[in-house]
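Have a look at query-v4.cif; it's mmCIF, C-alpha atoms:
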```cif
data_model
#
loop_
_atom_site.label_atom_id
_atom_site.label_comp_id
_atom_site.auth_asym_id
_atom_site.auth_seq_id
_atom_site.Cartn_x
_atom_site.Cartn_y
_atom_site.Cartn_z
CA MET A 1 -5.09 -14.35 -81.63
CA ARG A 2 -1.84 -12.79 -82.86
CA MET A 3 -2.22 -10.18 -80.16
CA LEU A 4 -2.66 -12.79 -77.44
CA VAL A 5 0.33 -14.78 -78.69
CA SER A 6 2.45 -11.63 -78.58
CA PHE A 7 1.39 -11.10 -74.95
CA ALA A 8 1.83 -14.76 -73.98
CA ALA A 9 5.26 -14.18 -72.44
CA LEU A 10 3.86 -11.42 -70.22
CA PHE A 11 0.92 -13.52 -69.12
CA VAL A 12 3.16 -16.49 -68.27
CA SER A 13 5.31 -14.16 -66.18
CA VAL A 14 2.19 -12.93 -64.36
CA VAL A 15 1.17 -16.45 -63.38
CA LEU A 16 4.67 -17.39 -62.23
CA LEU A 17 4.98 -14.20 -60.20
CA GLN A 18 1.63 -14.83 -58.54
CA LEU A 19 2.57 -18.39 -57.66
CA GLY A 20 6.02 -17.50 -56.37
CA LEU A 21 5.55 -14.16 -54.64
CA GLY A 22 1.84 -14.53 -53.87
CA GLY A 23 2.35 -17.94 -52.31
CA VAL A 24 4.70 -16.47 -49.69
CA ALA A 25 1.88 -14.74 -47.80
CA PRO A 26 -0.12 -17.79 -46.65
CA LEU A 27 3.06 -19.85 -46.21
CA ASP A 28 4.59 -17.17 -43.96
CA ALA A 29 1.50 -17.04 -41.76
CA ILE A 30 1.34 -20.80 -41.24
CA SER A 31 5.12 -21.07 -40.87
CA GLY A 32 5.09 -18.27 -38.31
CA VAL A 33 2.58 -20.16 -36.19
CA GLN A 34 4.72 -23.31 -36.34
CA LEU A 35 7.86 -21.35 -35.43
CA GLY A 36 6.20 -19.72 -32.43
CA PHE A 37 5.83 -16.16 -33.76
CA SER A 38 3.15 -14.14 -31.99
CA THR A 39 0.02 -13.11 -33.89
CA ALA A 40 1.17 -9.48 -33.77
CA GLU A 41 4.55 -10.41 -35.27
CA ILE A 42 2.84 -12.30 -38.10
CA GLY A 43 0.63 -9.27 -38.70
CA ILE A 44 3.69 -7.02 -38.91
CA ILE A 45 5.17 -9.34 -41.54
CA GLY A 46 1.98 -8.99 -43.59
CA SER A 47 2.00 -5.21 -43.23
CA ALA A 48 5.64 -5.12 -44.33
CA HIS A 49 4.60 -6.70 -47.61
CA PHE A 50 2.33 -3.76 -48.43
CA LEU A 51 4.93 -1.23 -47.32
CA GLY A 52 7.31 -2.80 -49.86
CA PHE A 53 4.47 -2.82 -52.37
CA PHE A 54 3.93 0.91 -52.00
CA ILE A 55 7.64 1.64 -52.35
CA GLY A 56 7.74 -0.51 -55.47
CA CYS A 57 4.75 1.27 -57.02
CA TRP A 58 6.45 4.63 -56.53
CA TRP A 59 9.97 3.58 -57.56
CA ALA A 60 9.34 1.18 -60.46
CA PRO A 61 8.36 3.73 -63.15
CA ARG A 62 11.48 5.75 -62.42
CA LEU A 63 13.83 2.76 -62.48
CA MET A 64 12.19 1.52 -65.65
CA GLY A 65 12.85 4.86 -67.30
CA GLU A 66 16.50 4.78 -66.26
CA VAL A 67 17.54 1.21 -67.15
CA GLY A 68 14.74 -0.13 -69.38
CA HIS A 69 11.93 -2.63 -68.94
CA SER A 70 13.90 -5.90 -69.01
CA ARG A 71 16.68 -4.82 -66.66
CA ALA A 72 14.24 -3.32 -64.18
CA PHE A 73 12.12 -6.48 -64.30
CA ALA A 74 15.22 -8.60 -63.65
CA ALA A 75 16.20 -6.40 -60.70
CA PHE A 76 12.78 -6.60 -59.06
CA THR A 77 12.51 -10.34 -59.65
CA ALA A 78 15.94 -10.82 -58.09
CA ALA A 79 14.84 -8.81 -55.04
CA GLY A 80 11.78 -11.02 -54.64
CA THR A 81 13.77 -14.21 -55.06
CA ILE A 82 16.33 -13.11 -52.47
CA GLY A 83 13.52 -12.19 -50.07
CA ILE A 84 12.00 -15.67 -50.40
CA LEU A 85 15.30 -17.58 -50.11
CA ALA A 86 16.41 -15.66 -47.03
CA HIS A 87 13.44 -16.77 -44.93
CA MET A 88 14.91 -20.01 -43.64
CA MET A 89 18.41 -18.56 -43.28
CA VAL A 90 17.34 -16.06 -40.61
CA VAL A 91 14.34 -17.29 -38.65
CA ASP A 92 13.26 -14.09 -36.95
CA PRO A 93 9.97 -12.16 -37.38
CA TRP A 94 11.69 -8.80 -37.81
CA ALA A 95 14.06 -10.22 -40.41
CA TRP A 96 11.08 -11.82 -42.16
CA SER A 97 9.43 -8.39 -42.26
CA ILE A 98 12.40 -7.08 -44.24
CA PHE A 99 12.27 -10.11 -46.53
CA ARG A 100 8.55 -9.57 -47.12
CA MET A 101 9.22 -5.92 -47.94
CA ALA A 102 11.48 -7.24 -50.70
CA ALA A 103 8.67 -9.51 -51.90
CA GLY A 104 6.16 -6.63 -51.88
CA LEU A 105 8.68 -4.44 -53.71
CA ALA A 106 9.07 -7.15 -56.34
CA VAL A 107 5.31 -7.60 -56.80
CA ALA A 108 4.73 -3.90 -57.41
CA GLY A 109 7.83 -3.46 -59.55
CA CYS A 110 7.21 -6.44 -61.79
CA TYR A 111 3.52 -5.63 -62.27
CA THR A 112 4.35 -2.02 -63.08
CA ILE A 113 6.72 -3.15 -65.83
CA ILE A 114 4.29 -5.75 -67.20
CA GLU A 115 1.45 -3.23 -67.31
CA ALA A 116 3.65 -0.57 -68.87
CA TRP A 117 4.65 -3.11 -71.54
CA LEU A 118 1.02 -4.01 -72.18
CA GLN A 119 0.03 -0.35 -72.31
CA GLY A 120 2.69 0.29 -74.95
CA LYS A 121 1.40 -2.55 -77.14
CA VAL A 122 -2.40 -2.39 -76.91
CA THR A 123 -4.54 -0.16 -79.08
CA ASN A 124 -8.05 1.17 -78.53
CA ALA A 125 -9.27 -1.56 -80.87
CA ASN A 126 -7.91 -4.47 -78.82
CA ARG A 127 -7.61 -2.95 -75.34
CA GLY A 128 -10.81 -4.54 -74.05
CA ARG A 129 -9.87 -8.05 -75.17
CA ALA A 130 -6.31 -7.73 -73.88
CA MET A 131 -7.49 -6.50 -70.49
CA GLY A 132 -10.11 -9.24 -70.29
CA VAL A 133 -7.45 -11.92 -70.74
CA TYR A 134 -5.11 -10.08 -68.36
CA ARG A 135 -7.74 -10.04 -65.62
CA ILE A 136 -8.46 -13.75 -66.09
CA VAL A 137 -4.74 -14.59 -65.95
CA ASP A 138 -4.33 -12.45 -62.82
CA ILE A 139 -7.26 -14.16 -61.07
CA ILE A 140 -6.00 -17.63 -62.02
CA GLY A 141 -2.56 -16.77 -60.68
CA SER A 142 -4.05 -15.37 -57.47
CA LEU A 143 -6.15 -18.50 -57.02
CA GLY A 144 -3.08 -20.70 -57.50
CA ALA A 145 -1.14 -18.63 -54.97
CA GLN A 146 -3.75 -19.34 -52.30
CA LEU A 147 -3.78 -23.06 -53.09
CA VAL A 148 0.00 -23.49 -53.09
CA VAL A 149 0.13 -23.61 -49.29
CA ALA A 150 -1.75 -26.92 -49.42
CA ILE A 151 1.25 -28.70 -50.98
CA LEU A 152 4.10 -26.94 -49.17
CA GLU A 153 5.40 -27.90 -45.76
CA PRO A 154 5.49 -24.90 -43.39
CA ALA A 155 8.86 -23.57 -42.19
CA SER A 156 10.77 -25.73 -44.68
CA TYR A 157 13.82 -24.88 -46.76
CA LEU A 158 12.34 -26.91 -49.61
CA SER A 159 9.05 -24.98 -49.59
CA TYR A 160 10.69 -21.58 -49.77
CA ASN A 161 13.23 -22.79 -52.33
CA LEU A 162 10.41 -24.01 -54.58
CA LEU A 163 8.66 -20.64 -54.39
CA ALA A 164 11.96 -18.90 -55.14
CA LEU A 165 12.50 -21.12 -58.18
CA VAL A 166 9.04 -20.30 -59.51
CA CYS A 167 9.62 -16.59 -58.91
CA CYS A 168 12.98 -16.72 -60.67
CA ALA A 169 11.42 -18.60 -63.60
CA ALA A 170 9.22 -15.55 -64.23
CA LEU A 171 12.34 -13.91 -65.66
CA PHE A 172 12.55 -16.11 -68.72
CA PRO A 173 9.32 -15.33 -70.62
CA LEU A 174 9.80 -11.56 -70.50
CA VAL A 175 13.60 -11.19 -70.59
CA LEU A 176 13.99 -13.65 -73.48
CA SER A 177 11.04 -12.29 -75.44
CA LYS A 178 12.00 -11.07 -78.92
CA ALA A 179 9.24 -8.45 -78.77
CA GLU A 180 10.65 -4.95 -78.62
CA ALA A 181 9.97 -3.12 -75.37
CA PRO A 182 7.76 -0.05 -75.73
CA GLU A 183 8.94 3.44 -75.00
CA THR A 184 8.75 4.40 -71.36
CA GLY A 185 6.14 7.03 -70.60
CA ASP A 186 6.23 9.50 -67.75
CA ALA A 187 5.20 8.13 -64.36
CA PRO A 188 1.94 9.60 -63.02
CA ARG A 189 2.29 12.16 -60.27
CA LEU A 190 1.21 10.88 -56.89
CA ARG A 191 -1.46 13.23 -55.53
CA PRO A 192 -3.41 11.35 -52.82
CA ARG A 193 -5.59 14.37 -52.09
CA LEU A 194 -6.96 14.22 -55.63
CA ALA A 195 -9.03 11.15 -54.72
CA TRP A 196 -10.57 12.90 -51.71
CA ASP A 197 -11.24 16.06 -53.69
CA ARG A 198 -13.09 14.15 -56.41
CA SER A 199 -15.00 11.79 -54.14
CA PRO A 200 -14.55 11.45 -50.35
CA LEU A 201 -16.72 8.33 -50.41
CA ALA A 202 -14.55 6.68 -53.06
CA ALA A 203 -11.42 7.54 -51.05
CA ALA A 204 -12.94 5.96 -47.95
CA GLY A 205 -14.10 2.96 -49.98
CA VAL A 206 -10.63 2.08 -51.28
CA VAL A 207 -9.14 2.43 -47.78
CA VAL A 208 -11.77 0.01 -46.44
CA SER A 209 -11.04 -2.29 -49.39
CA GLY A 210 -7.36 -2.27 -48.42
CA VAL A 211 -8.23 -2.96 -44.80
CA THR A 212 -10.47 -5.88 -45.78
CA GLY A 213 -8.35 -7.55 -48.45
CA ALA A 214 -5.03 -7.26 -46.63
CA ALA A 215 -6.44 -8.57 -43.36
CA PHE A 216 -8.00 -11.60 -45.02
CA ARG A 217 -5.07 -12.47 -47.28
CA MET A 218 -2.29 -11.88 -44.75
CA VAL A 219 -3.97 -12.83 -41.47
CA GLY A 220 -6.70 -15.16 -42.76
CA PRO A 221 -4.43 -18.21 -42.31
CA LEU A 222 -4.13 -17.32 -38.60
CA TYR A 223 -7.91 -17.38 -38.40
CA GLY A 224 -7.87 -20.79 -40.08
CA VAL A 225 -5.31 -22.15 -37.62
CA ALA A 226 -7.27 -20.70 -34.68
CA VAL A 227 -10.49 -22.45 -35.72
CA GLY A 228 -8.71 -25.77 -36.29
CA LEU A 229 -8.21 -25.92 -40.07
CA ASP A 230 -5.22 -27.79 -41.47
CA ALA A 231 -2.95 -26.44 -44.23
CA GLU A 232 -4.94 -27.97 -47.09
CA THR A 233 -8.23 -26.65 -45.75
CA ILE A 234 -6.75 -23.19 -45.16
CA ALA A 235 -5.65 -23.14 -48.81
CA LEU A 236 -9.18 -23.96 -49.94
CA PHE A 237 -10.58 -21.39 -47.51
CA LEU A 238 -8.42 -18.65 -49.08
CA ALA A 239 -9.19 -19.91 -52.59
CA ALA A 240 -12.94 -19.76 -51.93
CA TYR A 241 -12.53 -16.07 -51.12
CA VAL A 242 -10.85 -15.44 -54.50
CA VAL A 243 -13.49 -17.45 -56.37
CA GLY A 244 -16.31 -15.55 -54.67
CA GLY A 245 -14.72 -12.24 -55.62
CA ALA A 246 -14.25 -13.32 -59.22
CA VAL A 247 -17.86 -14.47 -59.55
CA ALA A 248 -19.09 -11.16 -58.12
CA GLN A 249 -17.60 -8.97 -60.83
CA PHE A 250 -20.34 -9.38 -63.45
CA PRO A 251 -23.51 -9.02 -61.31
CA VAL A 252 -22.03 -6.29 -59.12
CA GLY A 253 -20.70 -4.49 -62.18
CA TRP A 254 -24.17 -4.55 -63.75
CA LEU A 255 -25.68 -3.14 -60.55
CA ALA A 256 -23.03 -0.42 -60.37
CA ASP A 257 -23.74 0.64 -63.97
CA THR A 258 -27.54 0.50 -63.52
CA PHE A 259 -28.15 2.09 -60.13
CA ASP A 260 -26.60 4.85 -58.03
CA ARG A 261 -23.13 3.56 -57.20
CA ARG A 262 -23.29 4.97 -53.70
CA THR A 263 -26.38 2.87 -53.03
CA VAL A 264 -24.67 -0.25 -54.41
CA LEU A 265 -21.56 0.47 -52.33
CA ILE A 266 -23.60 0.96 -49.16
CA TRP A 267 -25.57 -2.25 -49.60
CA LEU A 268 -22.41 -4.15 -50.52
CA SER A 269 -20.85 -2.98 -47.24
CA VAL A 270 -23.99 -4.04 -45.37
CA ALA A 271 -23.64 -7.46 -47.01
CA SER A 272 -19.96 -7.47 -46.03
CA VAL A 273 -20.92 -7.05 -42.39
CA ALA A 274 -23.31 -9.99 -42.78
CA ALA A 275 -20.52 -11.99 -44.44
CA CYS A 276 -18.22 -11.30 -41.48
CA ALA A 277 -20.89 -12.59 -39.11
CA ALA A 278 -21.54 -15.62 -41.32
CA THR A 279 -17.84 -16.49 -41.46
CA VAL A 280 -17.52 -16.38 -37.69
CA ALA A 281 -20.73 -18.39 -37.24
CA ALA A 282 -19.56 -21.02 -39.74
CA SER A 283 -16.28 -21.69 -37.91
CA ASP A 284 -17.86 -24.53 -35.89
CA ALA A 285 -20.36 -25.70 -38.53
CA GLY A 286 -18.11 -27.86 -40.70
CA ILE A 287 -15.92 -27.51 -43.77
CA VAL A 288 -18.59 -26.74 -46.37
CA PRO A 289 -20.16 -23.84 -44.43
CA VAL A 290 -16.67 -22.41 -43.85
CA PHE A 291 -15.94 -22.47 -47.59
CA LEU A 292 -19.34 -21.00 -48.48
CA ALA A 293 -18.87 -18.22 -45.93
CA ALA A 294 -15.42 -17.40 -47.36
CA ALA A 295 -16.86 -17.27 -50.88
CA PHE A 296 -19.67 -15.00 -49.68
CA PHE A 297 -17.09 -12.79 -47.98
CA GLY A 298 -15.11 -12.51 -51.23
CA PHE A 299 -18.30 -11.86 -53.21
CA THR A 300 -19.27 -8.92 -51.02
CA THR A 301 -15.85 -7.35 -50.35
CA MET A 302 -13.66 -7.73 -53.45
CA PRO A 303 -15.77 -5.52 -55.80
CA ILE A 304 -15.69 -2.57 -53.38
CA TYR A 305 -12.42 -1.21 -54.75
CA SER A 306 -13.65 -1.23 -58.35
CA ILE A 307 -16.99 0.38 -57.45
CA SER A 308 -15.22 3.06 -55.44
CA ALA A 309 -12.80 3.72 -58.30
CA ALA A 310 -15.63 3.97 -60.83
CA HIS A 311 -17.47 6.42 -58.57
CA ALA A 312 -14.35 8.59 -58.22
CA HIS A 313 -13.85 8.66 -61.99
CA ASP A 314 -17.45 9.83 -62.42
CA PHE A 315 -16.33 13.19 -61.01
CA ALA A 316 -12.91 13.38 -62.70
CA GLN A 317 -11.80 15.25 -65.78
CA PRO A 318 -10.35 13.12 -68.62
CA LEU A 319 -6.78 14.32 -68.05
CA GLU A 320 -6.99 13.50 -64.33
CA ARG A 321 -7.89 9.85 -64.67
CA VAL A 322 -4.40 8.31 -64.61
CA GLU A 323 -3.31 10.34 -61.60
CA LEU A 324 -6.62 9.59 -59.89
CA SER A 325 -6.00 5.86 -60.36
CA ALA A 326 -2.58 6.28 -58.75
CA ALA A 327 -4.11 8.24 -55.85
CA LEU A 328 -6.69 5.51 -55.24
CA MET A 329 -3.97 2.85 -55.26
CA PHE A 330 -2.03 4.88 -52.69
CA LEU A 331 -5.05 5.03 -50.37
CA TYR A 332 -5.60 1.30 -50.82
CA ALA A 333 -1.98 0.71 -49.78
CA VAL A 334 -2.47 2.88 -46.68
CA GLY A 335 -5.34 0.70 -45.52
CA ALA A 336 -3.47 -2.48 -46.44
CA ILE A 337 -0.32 -1.50 -44.53
CA ALA A 338 -2.18 -0.86 -41.27
CA SER A 339 -4.71 -3.68 -41.47
CA PRO A 340 -2.70 -6.91 -40.90
CA VAL A 341 -1.10 -5.57 -37.70
CA ILE A 342 -4.43 -4.46 -36.25
CA ALA A 343 -6.22 -7.67 -37.27
CA SER A 344 -3.50 -9.93 -35.84
CA VAL A 345 -3.44 -8.05 -32.53
CA LEU A 346 -7.22 -8.36 -32.26
CA ILE A 347 -7.01 -12.11 -32.91
CA GLY A 348 -4.44 -12.35 -30.11
CA TRP A 349 -6.68 -10.41 -27.71
CA PHE A 350 -10.16 -11.63 -28.59
CA GLY A 351 -9.68 -14.85 -30.55
CA PRO A 352 -10.48 -15.70 -34.20
CA ALA A 353 -13.59 -13.50 -34.34
CA GLY A 354 -11.52 -10.38 -33.60
CA MET A 355 -10.35 -9.98 -37.20
CA PHE A 356 -13.85 -10.12 -38.66
CA ALA A 357 -15.17 -7.77 -35.99
CA PHE A 358 -12.50 -5.27 -37.07
CA ILE A 359 -13.45 -5.67 -40.74
CA ALA A 360 -17.17 -5.39 -39.92
CA VAL A 361 -16.62 -2.15 -38.00
CA SER A 362 -14.73 -0.65 -40.95
CA HIS A 363 -17.69 -1.43 -43.22
CA VAL A 364 -20.18 0.00 -40.75
CA VAL A 365 -18.19 3.24 -40.82
CA LEU A 366 -18.27 3.15 -44.63
CA VAL A 367 -22.06 2.66 -44.61
CA VAL A 368 -22.60 5.63 -42.29
CA PHE A 369 -20.24 7.81 -44.32
CA GLY A 370 -21.91 6.69 -47.56
CA ILE A 371 -25.35 7.72 -46.29
CA PHE A 372 -23.93 11.10 -45.28
CA ARG A 373 -22.33 11.59 -48.71
CA MET A 374 -25.55 10.73 -50.54
CA ARG A 375 -27.07 13.83 -48.97
CA ALA A 376 -24.09 16.02 -49.89
CA ARG A 377 -24.50 16.02 -53.69
CA PRO A 378 -26.41 14.21 -56.44
CA THR A 379 -24.94 11.50 -58.62
CA PRO A 380 -23.53 12.82 -61.94
CA ASP A 381 -25.56 12.47 -65.13
CA THR A 382 -22.62 11.02 -67.07
CA ARG A 383 -20.78 8.08 -65.56
CA THR A 384 -17.79 5.94 -66.42
CA ARG A 385 -18.24 2.25 -67.08
CA TYR A 386 -17.63 -0.16 -64.19
CA THR A 387 -14.40 -2.08 -64.70
CA TYR A 388 -12.77 -4.70 -62.52
CA ILE A 389 -9.45 -3.12 -61.53
CA PRO A 390 -6.52 -5.27 -60.36
CA ARG A 391 -4.66 -3.62 -57.47
CA THR A 392 -1.30 -4.10 -59.08
CA SER A 393 0.50 -0.83 -59.84
CA PHE A 394 0.09 2.91 -60.16
CA LEU A 395 0.06 2.47 -63.95
CA VAL A 396 -3.06 0.31 -64.06
CA GLY A 397 -5.21 3.39 -64.75
CA ARG A 398 -3.23 4.08 -67.91
CA LEU A 399 -3.56 0.46 -69.01
CA LEU A 400 -7.33 0.62 -68.52
CA GLY A 401 -7.54 3.65 -70.77
CA ARG A 402 -8.38 6.01 -67.91
CA GLY A 403 -6.63 8.79 -69.74
CA LYS A 404 -9.65 9.05 -72.03
CA ASP A 405 -13.12 10.17 -71.27
CA GLU A 406 -15.22 7.03 -71.04
CA GLY A 407 -18.34 9.04 -70.40
#
```

Target format structure tokens, applied to this file:
Amino acid sequence: MRMLVSFAALFVSVVLLQLGLGGVAPLDAISGVQLGFSTAEIGIIGSAHFLGFFIGCWWAPRLMGEVGHSRAFAAFTAAGTIGILAHMMVVDPWAWSIFRMAAGLAVAGCYTIIEAWLQGKVTNANRGRAMGVYRIVDIIGSLGAQLVVAILEPASYLSYNLLALVCCAALFPLVLSKAEAPETGDAPRLRPRLAWDRSPLAAAGVVVSGVTGAAFRMVGPLYGVAVGLDAETIALFLAAYVVGGAVAQFPVGWLADTFDRRTVLIWLSVASVAACAATVAASDAGIVPVFLAAAFFGFTTMPIYSISAAHAHDFAQPLERVELSAALMFLYAVGAIASPVIASVLIGWFGPAGMFAFIAVSHVVLVVFGIFRMRARPTPDTRTRYTYIPRTSFLVGRLLGRGKDEG
């Protein structure tokens, strides 16, 4: 309990950041439709978020080492707040792309600092409990971020100002905390090829995870608008996806620890293809089938990153684990940067089903590649434990204890 109280300021900051910065994504998509942006332009705005996210992941550890945790956190939060406030000052899709880069930069930077702070405070004795609470807080914040669009008017000064206020409020719990900041450790080297060298299937899996998650989160509201959902229903549609992914972690984790992870990953991708088809089929079937299809889609797609990461770590040496986590995050960002643009263009060309056809094709490719890789080498005798991994910063591997052999 004392440990959780000491981390309370960090956890409050996480929730506020999720609500403020995470709420911008669905609000931007719906606002863009109302303002007459094309689907491709809205997709570019979503991709810009992940470009800023990648820059923030790379830059944050270095800035933190130069100016300290609190000052770096304040700088990144200020960047995110400015990015949100500027939206209604310059109503232009290309300007909004720059503003969303600032928001993505802030998300990565703030999470890097929070996770570095947590890493400096946890011990092997309490790491599991601390990470369990952290994951729950992160999921709650993510769920709230999807729901916030239901109460905000699109393309409104007031809506963006409220999100900016919430984002700015995230400063107080951490900056005013009396807890002493931990020493800043060295940032992990970014070696993307390490992930491919250890497991080509895991590398492909995290790219497909980035393609899937970014398309749904950034362009999913466009799908909702195209099939006739209002703002409140779109919020619930996005929230159902998060809930489905959260529910999946325990049963899928058990399967991944019990059976060959490549088999689990392949069948999960097969189920993802079915979920894409179900979501498209449910678009004309009423509200409840739409929500159930979104939850099924989250259930089948959200665990893919964690399974892929666990499979990659099965082939890694103990001292490689932190850098491997960073490499996997980089590949996830690559898929996430490209995905919203492609998905939005396909919606413009082929209608609402275009996005899910794109996602389904990516999973079919992963299934074929997975079958090929199963013939290339056997599964290792000693495996790491499946762990739900938030896609938050390059330091998350260190926070999860990936620097040790979990074998």

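With only C-alpha atoms as the atoms that count, the minimum distance from Val247 (chain A) to the choices A:Ala204, A:Phe297, A:Ala326, A:Ala336 is reached by A:Phe297.
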
_Selection in question (the file shown): the PyMOL selection byres ((chain A and resi 356) around 10). Which residues does it include, as a VMD selection string?_
chain A and resid 212 215 to 216 220 223 272 to 273 275 to 280 343 346 to 347 352 to 355 357 to 362

Convert the current residue selection to file output with C-alpha atoms, as a PDB file, in the frame of the given file.
```pdb
ATOM      1  CA  THR A 212     -10.470  -5.880 -45.780  1.00  0.00           C
ATOM      2  CA  ALA A 215      -6.440  -8.570 -43.360  1.00  0.00           C
ATOM      3  CA  PHE A 216      -8.000 -11.600 -45.020  1.00  0.00           C
ATOM      4  CA  GLY A 220      -6.700 -15.160 -42.760  1.00  0.00           C
ATOM      5  CA  TYR A 223      -7.910 -17.380 -38.400  1.00  0.00           C
ATOM      6  CA  SER A 272     -19.960  -7.470 -46.030  1.00  0.00           C
ATOM      7  CA  VAL A 273     -20.920  -7.050 -42.390  1.00  0.00           C
ATOM      8  CA  ALA A 275     -20.520 -11.990 -44.440  1.00  0.00           C
ATOM      9  CA  CYS A 276     -18.220 -11.300 -41.480  1.00  0.00           C
ATOM     10  CA  ALA A 277     -20.890 -12.590 -39.110  1.00  0.00           C
ATOM     11  CA  ALA A 278     -21.540 -15.620 -41.320  1.00  0.00           C
ATOM     12  CA  THR A 279     -17.840 -16.490 -41.460  1.00  0.00           C
ATOM     13  CA  VAL A 280     -17.520 -16.380 -37.690  1.00  0.00           C
ATOM     14  CA  ALA A 343      -6.220  -7.670 -37.270  1.00  0.00           C
ATOM     15  CA  LEU A 346      -7.220  -8.360 -32.260  1.00  0.00           C
ATOM     16  CA  ILE A 347      -7.010 -12.110 -32.910  1.00  0.00           C
ATOM     17  CA  PRO A 352     -10.480 -15.700 -34.200  1.00  0.00           C
ATOM     18  CA  ALA A 353     -13.590 -13.500 -34.340  1.00  0.00           C
ATOM     19  CA  GLY A 354     -11.520 -10.380 -33.600  1.00  0.00           C
ATOM     20  CA  MET A 355     -10.350  -9.980 -37.200  1.00  0.00           C
ATOM     21  CA  ALA A 357     -15.170  -7.770 -35.990  1.00  0.00           C
ATOM     22  CA  PHE A 358     -12.500  -5.270 -37.070  1.00  0.00           C
ATOM     23  CA  ILE A 359     -13.450  -5.670 -40.740  1.00  0.00           C
ATOM     24  CA  ALA A 360     -17.170  -5.390 -39.920  1.00  0.00           C
ATOM     25  CA  VAL A 361     -16.620  -2.150 -38.000  1.00  0.00           C
ATOM     26  CA  SER A 362     -14.730  -0.650 -40.950  1.00  0.00           C
TER      27      SER A 362
END
```

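Nearest to Ile30 (chain A) of all the residues A:Glu66, A:Trp117, A:Ala150, A:Gly56 is A:Ala150, counting only C-alpha atoms.
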
Compute the distance from (-19.4, -16.5, -55.2) to each atom, counting only C-alpha atoms, keep the residues with any atom at most 6 Å away, and return them as an mmCIF file with C-alpha atoms, in the frame of the given file; use the coordinates of the file.
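Written output follows (out.cif):
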```cif
data_model
loop_
_atom_site.group_PDB
_atom_site.id
_atom_site.type_symbol
_atom_site.label_atom_id
_atom_site.label_comp_id
_atom_site.auth_asym_id
_atom_site.auth_seq_id
_atom_site.Cartn_x
_atom_site.Cartn_y
_atom_site.Cartn_z
ATOM 1 C CA GLY A 244 -16.310 -15.550 -54.670
ATOM 2 C CA VAL A 247 -17.860 -14.470 -59.550
ATOM 3 C CA ALA A 295 -16.860 -17.270 -50.880
ATOM 4 C CA PHE A 296 -19.670 -15.000 -49.680
ATOM 5 C CA PHE A 299 -18.300 -11.860 -53.210
#
```

From (-4.6, 9.1, -65.5), in the file's coordinates, out to 8 Å: which residues are reached, counting only C-alpha atoms? Answer as a PDB file with C-alpha atoms, in the coordinates of the input.
```pdb
ATOM      1  CA  PRO A 188       1.940   9.600 -63.020  1.00  0.00           C
ATOM      2  CA  PRO A 318     -10.350  13.120 -68.620  1.00  0.00           C
ATOM      3  CA  LEU A 319      -6.780  14.320 -68.050  1.00  0.00           C
ATOM      4  CA  GLU A 320      -6.990  13.500 -64.330  1.00  0.00           C
ATOM      5  CA  ARG A 321      -7.890   9.850 -64.670  1.00  0.00           C
ATOM      6  CA  VAL A 322      -4.400   8.310 -64.610  1.00  0.00           C
ATOM      7  CA  GLU A 323      -3.310  10.340 -61.600  1.00  0.00           C
ATOM      8  CA  LEU A 324      -6.620   9.590 -59.890  1.00  0.00           C
ATOM      9  CA  SER A 325      -6.000   5.860 -60.360  1.00  0.00           C
ATOM     10  CA  ALA A 326      -2.580   6.280 -58.750  1.00  0.00           C
ATOM     11  CA  GLY A 397      -5.210   3.390 -64.750  1.00  0.00           C
ATOM     12  CA  ARG A 398      -3.230   4.080 -67.910  1.00  0.00           C
ATOM     13  CA  ARG A 402      -8.380   6.010 -67.910  1.00  0.00           C
ATOM     14  CA  GLY A 403      -6.630   8.790 -69.740  1.00  0.00           C
TER      15      GLY A 403
END
```

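Residues in contact range of Trp196 (chain A), defined as at most 12 Å between all atoms listed in the file, with sequence neighbours fewer than 5 positions away removed, read Arg191, Leu201, Ala202, Ala203, Ala204, Gly205, Val206, Val207, Ser308, Ala309, His311, Ala312, His313, Phe315, Ala316, Leu324, Ala327, Leu328, Phe330 and Leu331 of chain A.
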
Given the selection you just returned, output its residues as a file containing C-alpha atoms, formatted as a PDB file, in the frame of the given file.
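part_26.pdb written:
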```pdb
ATOM      1  CA  ARG A 191      -1.460  13.230 -55.530  1.00  0.00           C
ATOM      2  CA  LEU A 201     -16.720   8.330 -50.410  1.00  0.00           C
ATOM      3  CA  ALA A 202     -14.550   6.680 -53.060  1.00  0.00           C
ATOM      4  CA  ALA A 203     -11.420   7.540 -51.050  1.00  0.00           C
ATOM      5  CA  ALA A 204     -12.940   5.960 -47.950  1.00  0.00           C
ATOM      6  CA  GLY A 205     -14.100   2.960 -49.980  1.00  0.00           C
ATOM      7  CA  VAL A 206     -10.630   2.080 -51.280  1.00  0.00           C
ATOM      8  CA  VAL A 207      -9.140   2.430 -47.780  1.00  0.00           C
ATOM      9  CA  SER A 308     -15.220   3.060 -55.440  1.00  0.00           C
ATOM     10  CA  ALA A 309     -12.800   3.720 -58.300  1.00  0.00           C
ATOM     11  CA  HIS A 311     -17.470   6.420 -58.570  1.00  0.00           C
ATOM     12  CA  ALA A 312     -14.350   8.590 -58.220  1.00  0.00           C
ATOM     13  CA  HIS A 313     -13.850   8.660 -61.990  1.00  0.00           C
ATOM     14  CA  PHE A 315     -16.330  13.190 -61.010  1.00  0.00           C
ATOM     15  CA  ALA A 316     -12.910  13.380 -62.700  1.00  0.00           C
ATOM     16  CA  LEU A 324      -6.620   9.590 -59.890  1.00  0.00           C
ATOM     17  CA  ALA A 327      -4.110   8.240 -55.850  1.00  0.00           C
ATOM     18  CA  LEU A 328      -6.690   5.510 -55.240  1.00  0.00           C
ATOM     19  CA  PHE A 330      -2.030   4.880 -52.690  1.00  0.00           C
ATOM     20  CA  LEU A 331      -5.050   5.030 -50.370  1.00  0.00           C
TER      21      LEU A 331
END
```
